[in-house]
$ cat data-v8.pdb   # PDB, C-alpha atoms
MODEL        1
ATOM      1  CA  ARG N   1      23.214  17.849  -6.392
ATOM      2  CA  HIS N   2      19.701  17.529  -4.967
ATOM      3  CA  VAL N   3      19.551  13.827  -5.888
ATOM      4  CA  THR N   4      22.978  13.167  -4.386
ATOM      5  CA  ASN N   5      21.961  14.929  -1.171
ATOM      6  CA  PHE N   6      18.731  12.920  -1.076
ATOM      7  CA  TRP N   7      20.578   9.579  -1.199
ATOM      8  CA  LYS N   8      23.121  10.783   1.376
ATOM      9  CA  SER N   9      20.259  11.790   3.674
ATOM     10  CA  MET N  10      18.525   8.429   3.188
ATOM     11  CA  ALA N  11      21.766   6.593   3.923
ATOM     12  CA  ALA N  12      22.343   8.615   7.080
ATOM     13  CA  SER N  13      18.793   8.098   8.377
ATOM     14  CA  THR N  14      18.818   4.330   7.791
ATOM     15  CA  GLY N  15      22.434   3.584   8.611
ATOM     16  CA  MET N  16      22.890   1.905   5.227
ATOM     17  CA  ALA N  17      25.412   2.682   2.511
ATOM     18  CA  GLU N  18      24.148   4.934  -0.303
ATOM     19  CA  GLN N  19      24.541   2.259  -2.981
ATOM     20  CA  LYS N  20      22.703  -0.289  -0.839
ATOM     21  CA  ILE N  21      19.753   2.110  -0.452
ATOM     22  CA  ILE N  22      19.715   2.798  -4.198
ATOM     23  CA  ASP N  23      19.796  -0.942  -4.936
ATOM     24  CA  LEU N  24      16.983  -1.624  -2.448
ATOM     25  CA  VAL N  25      14.739   1.073  -3.921
ATOM     26  CA  SER N  26      15.498  -0.144  -7.436
ATOM     27  CA  GLU N  27      14.620  -3.715  -6.441
ATOM     28  CA  ARG N  28      11.325  -2.546  -4.912
ATOM     29  CA  VAL N  29      10.454  -0.465  -7.983
ATOM     30  CA  ASN N  30      11.091  -3.476 -10.228
ATOM     31  CA  TYR N  31       8.958  -5.695  -7.989
ATOM     32  CA  SER N  32       6.163  -3.102  -7.994
ATOM     33  CA  ASN N  33       6.258  -2.848 -11.769
ATOM     34  CA  LYS N  34       6.072  -6.626 -12.084
ATOM     35  CA  TYR N  35       3.260  -7.290  -9.589
ATOM     36  CA  TYR N  36       1.243  -4.078  -9.184
ATOM     37  CA  SER N  37       0.969  -2.743 -12.743
ATOM     38  CA  SER N  38      -2.487  -2.397 -14.218
ATOM     39  CA  LEU N  39      -3.336   0.629 -16.308
ATOM     40  CA  LYS N  40      -0.073   2.286 -15.299
ATOM     41  CA  PRO N  41       3.376   1.239 -14.097
ATOM     42  CA  GLY N  42       3.307  -0.496 -10.724
ATOM     43  CA  TRP N  43       5.594   2.014  -9.039
ATOM     44  CA  THR N  44       2.940   4.732  -9.605
ATOM     45  CA  THR N  45       0.110   2.738  -7.982
ATOM     46  CA  ASP N  46      -0.960   2.955  -4.355
ATOM     47  CA  ARG N  47       0.278  -0.558  -3.567
ATOM     48  CA  GLY N  48       3.535   0.159  -5.392
ATOM     49  CA  ARG N  49       4.112   3.377  -3.447
ATOM     50  CA  VAL N  50       3.553   1.667  -0.095
ATOM     51  CA  TYR N  51       5.688  -1.316  -1.107
ATOM     52  CA  ILE N  52       8.576   0.900  -2.243
ATOM     53  CA  ARG N  53       8.523   2.868   1.005
ATOM     54  CA  ASN N  54       7.937  -0.017   3.428
ATOM     55  CA  GLY N  55       8.920  -3.234   1.679
ATOM     56  CA  ALA N  56       6.860  -6.400   1.820
ATOM     57  CA  PRO N  57       4.136  -6.513   4.452
ATOM     58  CA  ALA N  58       4.380  -9.074   7.232
ATOM     59  CA  ASP N  59       0.838 -10.228   6.447
ATOM     60  CA  ILE N  60      -1.646  -9.813   3.596
ATOM     61  CA  GLU N  61      -5.301 -10.738   4.073
ATOM     62  CA  ARG N  62      -7.491 -10.901   0.981
ATOM     63  CA  GLY N  63     -11.251 -10.713   0.881
ATOM     64  CA  ALA N  64     -14.245  -9.215  -0.851
ATOM     65  CA  SER N  65     -16.620  -6.518   0.279
ATOM     66  CA  SER N  66     -20.089  -7.555   1.294
ATOM     67  CA  ASP N  67     -23.378  -6.876  -0.407
ATOM     68  CA  GLU N  68     -23.875  -4.198   2.260
ATOM     69  CA  GLY N  69     -21.079  -2.114   0.704
ATOM     70  CA  ARG N  70     -21.321   0.989  -1.404
ATOM     71  CA  PHE N  71     -20.774  -0.986  -4.605
ATOM     72  CA  VAL N  72     -21.128  -4.493  -5.903
ATOM     73  CA  ARG N  73     -18.675  -6.922  -4.320
ATOM     74  CA  LYS N  74     -15.085  -5.733  -4.728
ATOM     75  CA  ASP N  75     -11.841  -7.462  -3.840
ATOM     76  CA  TYR N  76      -9.623  -5.943  -1.172
ATOM     77  CA  GLU N  77      -6.264  -6.566   0.463
ATOM     78  CA  ILE N  78      -5.274  -5.698   4.019
ATOM     79  CA  TRP N  79      -1.524  -5.194   4.402
ATOM     80  CA  LYS N  80      -0.050  -5.348   7.909
ATOM     81  CA  TYR N  81       3.474  -4.411   8.924
ATOM     82  CA  SER N  82       4.997  -5.720  12.133
ATOM     83  CA  SER N  83       7.795  -3.160  12.467
ATOM     84  CA  GLY N  84       7.875   0.575  13.072
ATOM     85  CA  ASN N  85       4.413   1.995  13.740
ATOM     86  CA  ARG N  86       2.812  -1.360  12.830
ATOM     87  CA  ALA N  87       1.029   0.235   9.894
ATOM     88  CA  VAL N  88      -2.136  -1.258   8.394
ATOM     89  CA  TYR N  89      -3.466  -0.489   4.914
ATOM     90  CA  ILE N  90      -6.587  -1.515   3.007
ATOM     91  CA  PHE N  91      -6.421  -1.496  -0.780
ATOM     92  CA  MET N  92      -9.590  -2.071  -2.818
ATOM     93  CA  ASP N  93     -10.025  -2.947  -6.480
ATOM     94  CA  ILE N  94     -12.758  -0.339  -6.919
ATOM     95  CA  GLN N  95     -12.850  -0.396 -10.723
ATOM     96  CA  MET N  96     -12.290  -4.176 -10.904
ATOM     97  CA  ASN N  97      -9.238  -3.752 -13.151
ATOM     98  CA  ASN N  98      -6.472  -4.793 -10.707
ATOM     99  CA  ASN N  99      -5.733  -1.137  -9.886
ATOM    100  CA  TYR N 100      -6.146  -1.435  -6.126
ATOM    101  CA  ARG N 101      -6.668   1.955  -4.463
ATOM    102  CA  LEU N 102      -5.712   2.814  -0.907
ATOM    103  CA  ILE N 103      -8.890   3.431   1.100
ATOM    104  CA  TYR N 104      -7.580   3.073   4.663
ATOM    105  CA  ALA N 105      -4.264   3.662   6.404
ATOM    106  CA  ASP N 106      -3.360   3.504  10.082
ATOM    107  CA  GLY N 107       0.093   3.992  11.593
ATOM    108  CA  ASP N 108       1.475   5.927   8.602
ATOM    109  CA  ASP N 109       1.470   9.726   8.708
ATOM    110  CA  MET N 110       2.290   9.899   4.991
ATOM    111  CA  GLU N 111      -0.967   8.235   3.883
ATOM    112  CA  ILE N 112      -4.570   9.356   4.271
ATOM    113  CA  SER N 113      -7.652   7.194   4.706
ATOM    114  CA  ASN N 114     -10.774   7.804   2.667
ATOM    115  CA  PRO N 115     -13.355   9.105   5.176
ATOM    116  CA  ASP N 116     -15.922   6.695   3.685
ATOM    117  CA  TRP N 117     -13.634   3.639   3.724
ATOM    118  CA  LEU N 118     -16.098   1.537   5.703
ATOM    119  CA  ARG N 119     -18.898   2.248   3.229
ATOM    120  CA  TYR N 120     -16.769   0.671   0.502
ATOM    121  CA  LEU N 121     -16.411  -2.540   2.524
ATOM    122  CA  GLY N 122     -19.922  -2.750   3.943
ATOM    123  CA  SER N 123     -21.390  -2.080   7.355
ATOM    124  CA  ASP N 124     -20.829  -5.710   8.324
ATOM    125  CA  PHE N 125     -17.046  -5.558   7.705
ATOM    126  CA  ASP N 126     -15.160  -7.140  10.607
ATOM    127  CA  THR N 127     -12.960  -4.275  11.831
ATOM    128  CA  SER N 128     -11.081  -6.720  14.073
ATOM    129  CA  LEU N 129      -9.221  -7.709  10.886
ATOM    130  CA  LEU N 130      -7.385  -4.384  11.217
ATOM    131  CA  ARG N 131      -5.808  -5.264  14.566
ATOM    132  CA  ASN N 132      -2.084  -5.507  14.281
TER
ENDMDL
END
$ encode --input "data-v8.pdb" --output "structure tokens"
Amino acid sequence: RHVTNFWKSMAASTGMAEQKIIDLVSERVNYSNKYYSSLKPGWTTDRGRVYIRNGAPADIERGASSDEGRFVRKDYEIWKYSSGNRAVYIFMDIQMNNNYRLIYADGDDMEISNPDWLRYLGSDFDTSLLRN
């Protein structure tokens, strides 16, 4: 009953039919498992969670942290969404195993930024990249 009520609530809040919402979530879970899996299924990763909730970002910028960062150079991705609150996320491959972790989120009350996010990227990180 709880699951049925959940899908009914989702359908009502989005204006979509229940089955269409279920199909959309299923499609996003499958995509997450295919593209964001590393040491665990993609749907359980930070990128997978954000993708399932928000869909594909409008823009993805990829880069690497500088030598001024907390660690050796690490790859990162900045995801930007053009709808809703125009959310911006930074995911970093901290362990260098393709398990990108969320270190920064803006415009999304369900996600929390790491207070030291800028230390991971380096003091010379261009924060203008976060403008959306």
$ closest_residue --input "data-v8.pdb" --among "N:Val25, N:Ile103, N:Met10, N:Val50" --to "N:Leu118" --atoms "only C-alpha atoms"
N:Ile103
$ residues_around --input "data-v8.pdb" --residues "stretch 80-88 of chain N" --least-positions-apart "3" --cutoff "10 Å" --atoms "all atoms listed in the file" --output "MDAnalysis selection string"
chainID N and resid 54:61 77 104:109 129:132
$ write_last_selection --input "data-v8.pdb" --atoms "C-alpha atoms" --output "CSV table (one decimal), in the frame of the given file"
chain,number,residue,atom,x,y,z
N,54,ASN,CA,7.9,0.0,3.4
N,55,GLY,CA,8.9,-3.2,1.7
N,56,ALA,CA,6.9,-6.4,1.8
N,57,PRO,CA,4.1,-6.5,4.5
N,58,ALA,CA,4.4,-9.1,7.2
N,59,ASP,CA,0.8,-10.2,6.4
N,60,ILE,CA,-1.6,-9.8,3.6
N,61,GLU,CA,-5.3,-10.7,4.1
N,77,GLU,CA,-6.3,-6.6,0.5
N,104,TYR,CA,-7.6,3.1,4.7
N,105,ALA,CA,-4.3,3.7,6.4
N,106,ASP,CA,-3.4,3.5,10.1
N,107,GLY,CA,0.1,4.0,11.6
N,108,ASP,CA,1.5,5.9,8.6
N,109,ASP,CA,1.5,9.7,8.7
N,129,LEU,CA,-9.2,-7.7,10.9
N,130,LEU,CA,-7.4,-4.4,11.2
N,131,ARG,CA,-5.8,-5.3,14.6
N,132,ASN,CA,-2.1,-5.5,14.3
$ resolve_selection --input "data-v8.pdb" --expression "the PyMOL selection byres ((chain N and resi 42-46) around 7)" --output "MDAnalysis selection string"
chainID N and resid 29 32:37 40:41 47:50 101:102
$ closest_residue --input "data-v8.pdb" --among "N:Leu24, N:Leu121, N:Ala12, N:Met110" --to "N:Gly63" --atoms "only C-alpha atoms"
N:Leu121
$ atom_distance --input "data-v8.pdb" --atom1 "atom CA of N:Ser65" --atom2 "atom CA of N:Tyr120"
7.2 Å
$ axis_aligned_box --input "data-v8.pdb" --around "stretch 116-132 of chain N" --padding-each-side "5 Å" --output "JSON"
{"center_x": -11.7, "center_y": -0.5, "center_z": 7.5, "size_x": 29.3, "size_y": 24.4, "size_z": 24.1}
$ closest_residue --input "data-v8.pdb" --among "N:Asp67, N:Ile52, N:Ser38, N:Ser9" --to "N:Ser123" --atoms "all atoms listed in the file"
N:Asp67
$ residues_around --input "data-v8.pdb" --residues "N:Ala11" --least-positions-apart "3" --cutoff "12 Å" --atoms "only C-alpha atoms" --output "list in words"
Thr4, Asn5, Phe6, Trp7, Lys8, Thr14, Gly15, Met16, Ala17, Glu18, Gln19, Lys20, Ile21, Ile22, Asp23, Leu24 and Val25 of chain N
$ atom_distance --input "data-v8.pdb" --atom1 "atom CA of N:Ser26" --atom2 "atom CA of N:His2"
18.3 Å
$ atom_distance --input "data-v8.pdb" --atom1 "atom CA of N:Asn97" --atom2 "atom CA of N:Arg53"
23.7 Å
$ closest_residue --input "data-v8.pdb" --among "N:Trp117, N:Glu27, N:Leu39, N:Ser13" --to "N:Asn98" --atoms "only C-alpha atoms"
N:Leu39
$ closest_residue --input "data-v8.pdb" --among "N:Ile78, N:Ile112, N:Val3, N:Ala64" --to "N:Ile90" --atoms "all atoms listed in the file"
N:Ile78
$ closest_residue --input "data-v8.pdb" --among "N:Tyr89, N:Phe125, N:Tyr100, N:Tyr31" --to "N:Ser66" --atoms "all atoms listed in the file"
N:Phe125
